[in-house]
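Source file: protein_8.pdb. Holds: PDB, C-alpha atoms and all ligand atoms.
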```
ATOM      1  CA  MET A 163       0.000   0.000   0.000
ATOM      2  CA  PRO A 164       1.367   3.467  -0.796
ATOM      3  CA  VAL A 165       1.890   5.498   2.382
ATOM      4  CA  ILE A 166       1.945   8.783   0.481
ATOM      5  CA  GLU A 167       0.002   9.443  -2.705
ATOM      6  CA  ILE A 168       0.162  12.990  -3.989
ATOM      7  CA  LEU A 169      -2.487  13.538  -6.637
ATOM      8  CA  GLY A 170      -1.679  16.682  -8.595
ATOM      9  CA  LEU A 171      -1.029  18.997  -5.656
ATOM     10  CA  GLU A 172      -0.525  22.548  -6.801
ATOM     11  CA  LYS A 173       0.034  25.759  -4.854
ATOM     12  CA  THR A 174      -0.030  29.368  -5.930
ATOM     13  CA  TYR A 175       0.537  32.006  -3.247
ATOM     14  CA  LEU A 176      -0.721  35.554  -3.557
ATOM     15  CA  VAL A 177       2.114  37.966  -2.833
ATOM     16  CA  GLY A 178       2.386  41.706  -2.528
ATOM     17  CA  PHE A 179       0.674  44.241  -0.303
ATOM     18  CA  TRP A 180      -1.471  46.594  -2.377
ATOM     19  CA  ARG A 181      -1.719  44.707  -5.616
ATOM     20  CA  LYS A 182      -1.564  40.985  -5.000
ATOM     21  CA  ARG A 183      -0.024  38.882  -7.707
ATOM     22  CA  PRO A 184       0.106  35.107  -7.992
ATOM     23  CA  LYS A 185       3.327  33.286  -7.255
ATOM     24  CA  ARG A 186       3.401  29.641  -8.212
ATOM     25  CA  ALA A 187       5.202  27.640  -5.520
ATOM     26  CA  LEU A 188       4.335  24.160  -6.730
ATOM     27  CA  HIS A 189       3.452  22.947 -10.189
ATOM     28  CA  PRO A 190       1.003  20.023 -10.129
ATOM     29  CA  LEU A 191       2.904  17.248  -8.383
ATOM     30  CA  HIS A 192       2.169  13.535  -8.676
ATOM     31  CA  LEU A 193       4.168  11.319  -6.350
ATOM     32  CA  THR A 194       3.829   7.938  -4.685
ATOM     33  CA  VAL A 195       5.887   6.619  -1.769
ATOM     34  CA  GLU A 196       5.434   2.963  -0.921
ATOM     35  CA  GLU A 197       5.440   1.441   2.553
ATOM     36  CA  GLY A 198       8.986   0.675   3.727
ATOM     37  CA  GLU A 199      10.550   2.822   1.042
ATOM     38  CA  VAL A 200      13.342   5.184   2.073
ATOM     39  CA  PHE A 201      12.562   8.327   0.124
ATOM     40  CA  GLY A 202      14.749  11.402  -0.298
ATOM     41  CA  PHE A 203      12.773  14.480  -1.297
ATOM     42  CA  LEU A 204      15.448  16.592  -2.978
ATOM     43  CA  GLY A 205      15.378  19.656  -5.190
ATOM     44  CA  PRO A 206      16.942  23.067  -5.690
ATOM     45  CA  ASN A 207      16.072  26.007  -3.449
ATOM     46  CA  GLY A 208      12.552  27.177  -4.183
ATOM     47  CA  ALA A 209      11.541  23.915  -5.863
ATOM     48  CA  GLY A 210       8.566  23.534  -3.521
ATOM     49  CA  LYS A 211       9.747  20.880  -1.032
ATOM     50  CA  THR A 212       8.653  22.745   2.093
ATOM     51  CA  THR A 213       5.414  23.798   0.438
ATOM     52  CA  THR A 214       4.675  20.143  -0.375
ATOM     53  CA  LEU A 215       5.242  19.055   3.235
ATOM     54  CA  LYS A 216       3.161  21.947   4.581
ATOM     55  CA  LEU A 217       0.368  20.983   2.204
ATOM     56  CA  LEU A 218       0.500  17.357   3.348
ATOM     57  CA  MET A 219       0.306  18.484   6.985
ATOM     58  CA  GLY A 220      -2.621  20.828   6.310
ATOM     59  CA  LEU A 221      -0.598  23.893   7.332
ATOM     60  CA  VAL A 222      -1.315  25.553   3.990
ATOM     61  CA  PHE A 223      -4.124  24.807   1.587
ATOM     62  CA  PRO A 224      -3.696  23.734  -2.034
ATOM     63  CA  THR A 225      -4.782  25.670  -5.074
ATOM     64  CA  SER A 226      -5.793  22.309  -6.508
ATOM     65  CA  GLY A 227      -5.101  18.618  -6.134
ATOM     66  CA  SER A 228      -5.305  16.263  -3.181
ATOM     67  CA  ALA A 229      -3.422  13.470  -1.457
ATOM     68  CA  ARG A 230      -3.832  10.234   0.444
ATOM     69  CA  LEU A 231      -1.770   9.339   3.519
ATOM     70  CA  LEU A 232      -1.594   5.801   4.914
ATOM     71  CA  GLY A 233      -4.383   4.862   2.528
ATOM     72  CA  ARG A 234      -6.798   7.501   3.863
ATOM     73  CA  ASP A 235      -7.887  10.920   2.784
ATOM     74  CA  TRP A 236      -5.211  13.395   3.850
ATOM     75  CA  THR A 237      -7.707  15.602   5.691
ATOM     76  CA  ASP A 238      -8.691  12.741   8.025
ATOM     77  CA  PRO A 239      -7.580  13.770  11.581
ATOM     78  CA  GLU A 240      -6.891  10.077  12.369
ATOM     79  CA  VAL A 241      -4.049  10.205   9.869
ATOM     80  CA  LYS A 242      -2.351  13.076  11.695
ATOM     81  CA  ALA A 243      -2.227  11.003  14.895
ATOM     82  CA  GLN A 244      -0.133   8.396  13.074
ATOM     83  CA  ILE A 245       2.496  10.571  11.464
ATOM     84  CA  GLY A 246       5.323  12.738  12.737
ATOM     85  CA  PHE A 247       6.373  16.091  11.346
ATOM     86  CA  LEU A 248       9.444  18.108  12.288
ATOM     87  CA  PRO A 249       8.971  21.734  11.210
ATOM     88  CA  GLU A 250      11.978  23.675   9.971
ATOM     89  CA  GLN A 251      11.540  26.159  12.798
ATOM     90  CA  PRO A 252      10.011  24.282  15.717
ATOM     91  CA  TYR A 253       8.440  26.300  18.506
ATOM     92  CA  PHE A 254       8.552  25.161  22.117
ATOM     93  CA  TYR A 255       6.314  26.781  24.715
ATOM     94  CA  ASP A 256       8.824  28.524  26.940
ATOM     95  CA  TYR A 257       6.738  28.023  30.086
ATOM     96  CA  LEU A 258       6.710  24.206  29.825
ATOM     97  CA  THR A 259       9.454  21.855  30.946
ATOM     98  CA  ALA A 260      10.531  18.976  28.707
ATOM     99  CA  HIS A 261       8.326  16.645  30.765
ATOM    100  CA  GLU A 262       5.307  18.932  30.528
ATOM    101  CA  LEU A 263       5.769  19.449  26.805
ATOM    102  CA  LEU A 264       5.893  15.705  26.168
ATOM    103  CA  ASN A 265       2.891  15.144  28.418
ATOM    104  CA  TYR A 266       0.921  17.785  26.503
ATOM    105  CA  SER A 267       1.947  16.327  23.129
ATOM    106  CA  GLY A 268       1.090  12.828  24.340
ATOM    107  CA  GLN A 269      -2.354  13.976  25.479
ATOM    108  CA  LEU A 270      -3.000  15.630  22.124
ATOM    109  CA  SER A 271      -1.942  12.417  20.384
ATOM    110  CA  GLY A 272      -4.281  10.335  22.543
ATOM    111  CA  VAL A 273      -1.592   8.365  24.399
ATOM    112  CA  PRO A 274      -3.271   6.888  27.526
ATOM    113  CA  GLY A 275      -2.076   8.241  30.917
ATOM    114  CA  LYS A 276      -0.054   5.264  32.134
ATOM    115  CA  ASP A 277       1.611   4.689  28.751
ATOM    116  CA  ARG A 278       2.384   8.399  28.619
ATOM    117  CA  LYS A 279       4.384   8.367  31.838
ATOM    118  CA  ARG A 280       6.408   5.360  30.672
ATOM    119  CA  ARG A 281       7.016   6.812  27.202
ATOM    120  CA  ILE A 282       8.027  10.215  28.627
ATOM    121  CA  ASP A 283      10.568   8.541  30.927
ATOM    122  CA  GLU A 284      11.882   6.519  27.965
ATOM    123  CA  VAL A 285      12.356   9.455  25.606
ATOM    124  CA  LEU A 286      13.841  11.754  28.263
ATOM    125  CA  GLN A 287      16.296   8.968  29.070
ATOM    126  CA  ARG A 288      17.120   8.535  25.391
ATOM    127  CA  VAL A 289      18.089  12.197  24.995
ATOM    128  CA  GLY A 290      19.788  12.526  28.392
ATOM    129  CA  LEU A 291      17.215  14.825  30.016
ATOM    130  CA  THR A 292      16.116  12.596  32.909
ATOM    131  CA  ASP A 293      17.638  14.918  35.530
ATOM    132  CA  VAL A 294      15.485  17.841  34.430
ATOM    133  CA  LYS A 295      12.936  18.843  37.051
ATOM    134  CA  VAL A 296       9.414  17.549  36.481
ATOM    135  CA  SER A 297       7.972  21.027  36.911
ATOM    136  CA  THR A 298       9.386  24.471  37.394
ATOM    137  CA  SER A 299       8.191  27.821  38.673
ATOM    138  CA  PRO A 300       8.042  30.767  36.248
ATOM    139  CA  CYS A 301      11.086  32.401  37.804
ATOM    140  CA  GLN A 302      13.175  29.269  37.385
ATOM    141  CA  ALA A 303      14.459  27.785  34.132
ATOM    142  CA  SER A 304      11.438  27.883  31.882
ATOM    143  CA  THR A 305      12.482  26.171  28.659
ATOM    144  CA  PRO A 306      13.492  22.556  28.151
ATOM    145  CA  TRP A 307      16.899  23.849  27.103
ATOM    146  CA  ALA A 308      17.331  26.187  30.054
ATOM    147  CA  ALA A 309      16.078  23.454  32.369
ATOM    148  CA  ALA A 310      18.558  21.048  30.826
ATOM    149  CA  ARG A 311      21.345  23.525  31.410
ATOM    150  CA  SER A 312      20.349  24.034  35.031
ATOM    151  CA  ALA A 313      20.374  20.268  35.568
ATOM    152  CA  THR A 314      23.966  19.845  34.407
TER     153      THR A 314
HETATM  154  N1  LIG A 401       4.313  31.906   2.167
HETATM  155  C1  LIG A 401       4.770  32.123   0.939
HETATM  156  N2  LIG A 401       4.329  33.167   0.219
HETATM  157  C2  LIG A 401       4.779  33.402  -1.034
HETATM  158  N3  LIG A 401       5.665  32.620  -1.686
HETATM  159  C3  LIG A 401       6.140  31.554  -1.004
HETATM  160  C4  LIG A 401       5.728  31.250   0.328
HETATM  161  N4  LIG A 401       6.368  30.130   0.744
HETATM  162  C5  LIG A 401       7.151  29.771  -0.298
HETATM  163  N5  LIG A 401       7.016  30.615  -1.335
HETATM  164  C6  LIG A 401       7.683  30.521  -2.638
HETATM  165  O1  LIG A 401       7.339  29.270  -3.196
HETATM  166  C7  LIG A 401       8.443  28.672  -3.856
HETATM  167  C8  LIG A 401       8.723  27.318  -3.216
HETATM  168  O2  LIG A 401       9.202  27.543  -1.907
HETATM  169  P1  LIG A 401       9.537  26.352  -0.903
HETATM  170  O3  LIG A 401       9.919  27.009   0.386
HETATM  171  O4  LIG A 401       8.429  25.376  -0.875
HETATM  172  O5  LIG A 401      10.799  25.684  -1.615
HETATM  173  P2  LIG A 401      11.875  24.665  -1.028
HETATM  174  O6  LIG A 401      12.060  23.606  -2.077
HETATM  175  O7  LIG A 401      11.483  24.216   0.325
HETATM  176  O8  LIG A 401      13.163  25.600  -0.978
HETATM  177  P3  LIG A 401      14.439  25.511   0.008
HETATM  178  O9  LIG A 401      15.330  24.426  -0.538
HETATM  179  O10 LIG A 401      15.072  26.869  -0.138
HETATM  180  O11 LIG A 401      13.962  25.231   1.401
HETATM  181  C9  LIG A 401       9.584  29.670  -3.701
HETATM  182  O12 LIG A 401       9.624  30.450  -4.881
HETATM  183  C10 LIG A 401       9.198  30.510  -2.524
HETATM  184  O13 LIG A 401       9.720  31.812  -2.625
HETATM  185 MG    MG A 402      12.390  24.336   2.209
END
```

Target encoding structure tokens, full file:
Amino acid sequence: MPVIEILGLEKTYLVGFWRKRPKRALHPLHLTVEEGEVFGFLGPNGAGKTTTLKLLMGLVFPTSGSARLLGRDWTDPEVKAQIGFLPEQPYFYDYLTAHELLNYSGQLSGVPGKDRKRRIDEVLQRVGLTDVKVSTSPCQASTPWAAARSAT
């Protein structure tokens, strides 16, 4: 089964302030990635790689075309719970510790409470952040990174 099927996705942005003009970011793209396939999505700057990924994640909307992910319609929220996405510029809430951030993400992803605690311990261990305090007051280290620094 294909895990990604891109069916003619196309994106044209409107740019400019007073007089908006169309800027084509992605010509109609057809692409299939099969299960188990290791796929490198390469292209020159401005080719439309980021736009394609943003479209697949529903962060921007297509001018035309559609896609299927894991055999389902790409707009199906169930699909989003099964895939991971690392944005180019990730944002971390600066008032949450690493533990709190993972707990929040786990809740949003529907990970049950007892599994969540175990998984959080596992991933913090994997990245060497187990010594970070479970919670912190606003005047103490308030980011995962600051908290990590204060723990070392
Ligand atoms: N929000 C936006 N508004 C207007 N034009 C955009 C926007 N985002 C991207 N573009 C334009 O769309 C085209 C494709 O950009 P995109 O960022 O998808 O390319 P890319 O392949 O990821 O490039 P890079 O290798 O530099 O990351 C570029 O011409 C870019 O300037
Ligand atoms: Mg890019």

Once you count all atoms listed in the file, what closest atom pair and distance in Å to one decimal does each residue of range 200-299 of chain A within 10 Å of range 171-178 of chain A have, with rows by chain and rising residue number, as JSON lines?
```
{"residue": "A:Gly210", "atom": "CA", "partner": "A:Lys173", "partner_atom": "CA", "distance": 8.9}
{"residue": "A:Thr213", "atom": "CA", "partner": "A:Lys173", "partner_atom": "CA", "distance": 7.8}
{"residue": "A:Thr214", "atom": "CA", "partner": "A:Leu171", "partner_atom": "CA", "distance": 7.9}
{"residue": "A:Leu217", "atom": "CA", "partner": "A:Leu171", "partner_atom": "CA", "distance": 8.2}
{"residue": "A:Leu218", "atom": "CA", "partner": "A:Leu171", "partner_atom": "CA", "distance": 9.3}
{"residue": "A:Val222", "atom": "CA", "partner": "A:Lys173", "partner_atom": "CA", "distance": 8.9}
{"residue": "A:Phe223", "atom": "CA", "partner": "A:Lys173", "partner_atom": "CA", "distance": 7.7}
{"residue": "A:Pro224", "atom": "CA", "partner": "A:Lys173", "partner_atom": "CA", "distance": 5.1}
{"residue": "A:Thr225", "atom": "CA", "partner": "A:Lys173", "partner_atom": "CA", "distance": 4.8}
{"residue": "A:Ser226", "atom": "CA", "partner": "A:Glu172", "partner_atom": "CA", "distance": 5.3}
{"residue": "A:Gly227", "atom": "CA", "partner": "A:Leu171", "partner_atom": "CA", "distance": 4.1}
{"residue": "A:Ser228", "atom": "CA", "partner": "A:Leu171", "partner_atom": "CA", "distance": 5.6}
{"residue": "A:Ala229", "atom": "CA", "partner": "A:Leu171", "partner_atom": "CA", "distance": 7.3}
```

9 Å shell around ligand MG 402 (chain A) using only C-alpha atoms and all ligand atoms, listed as a PDB file with C-alpha atoms, in the frame of the given file:
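Generated file (pocket-v9.pdb):
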```pdb
ATOM      1  CA  ASN A 207      16.072  26.007  -3.449  1.00  0.00           C
ATOM      2  CA  GLY A 208      12.552  27.177  -4.183  1.00  0.00           C
ATOM      3  CA  ALA A 209      11.541  23.915  -5.863  1.00  0.00           C
ATOM      4  CA  GLY A 210       8.566  23.534  -3.521  1.00  0.00           C
ATOM      5  CA  LYS A 211       9.747  20.880  -1.032  1.00  0.00           C
ATOM      6  CA  THR A 212       8.653  22.745   2.093  1.00  0.00           C
ATOM      7  CA  THR A 213       5.414  23.798   0.438  1.00  0.00           C
ATOM      8  CA  LEU A 215       5.242  19.055   3.235  1.00  0.00           C
ATOM      9  CA  GLU A 250      11.978  23.675   9.971  1.00  0.00           C
TER      10      GLU A 250
END
```

Inset, instruction - Would you please work out which residue, of A:Met163, A:Ala243, A:Leu169, A:Leu221, is nearest to ligand LIG 401 (chain A) when using all atoms listed in the file? - result: A:Leu221

Legend entry - Neighbours of point (6.7, 3.0, -1.3) within 8 Å, using all atoms listed in the file, written as an MDAnalysis selection string: chainID A and resid 163:166 194:200

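Nearest-residue note for ligand LIG 401 (chain A): choosing from A:Arg186, A:Met219, A:Arg288, A:Gly246, the minimum distance belongs to A:Arg186, counting all atoms listed in the file.
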
Legend entry - Distance of CA of Val273 in chain A from CA of Asp235 in chain A, expressed in Å to one decimal place: 22.7 Å

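Under the PyMOL selection byres (((chain A and resi 282) around 10) and not hetatm), the matching residues in the shown file are A:Ala260, A:His261, A:Glu262, A:Leu263, A:Leu264, A:Asn265, A:Gly268, A:Asp277, A:Arg278, A:Lys279, A:Arg280, A:Arg281, A:Asp283, A:Glu284, A:Val285, A:Leu286, A:Gln287, A:Arg288, A:Thr292.
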
As AutoDock Vina command-line options, please report the centre and edge lengths, rounded to one decimal in Å, of the axis-aligned box that holds all listed atoms of range 244-250 of chain A with 5 Å of padding on each of the six sides.
```
--center_x 5.9 --center_y 16.0 --center_z 11.5 --size_x 22.1 --size_y 25.3 --size_z 13.1
```

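Across the structure, CA of Pro184 in chain A and CA of Gly205 in chain A are spaced 21.9 Å apart.
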
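Relative to atom O1 of ligand LIG 401 (chain A), CA of Pro206 in chain A is found at 11.7 Å.
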
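Using all atoms listed in the file, the smallest distance between any of A:Lys276, A:Lys182, A:Arg230, A:His192 and ligand LIG 401 (chain A) comes from A:Lys182.
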
Inset, instruction - Kindly indicate which residue among A:Leu291, A:Pro249, A:Leu270, A:Gly170 lies nearest to Leu188 in chain A, using all atoms listed in the file for the distances. - result: A:Gly170

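Comparing the minimum interatomic distances between ligand LIG 401 (chain A) and each of A:Leu191, A:Leu258, A:Ile168, A:Leu204, counting all atoms listed in the file, we find that A:Leu204 sits nearest.
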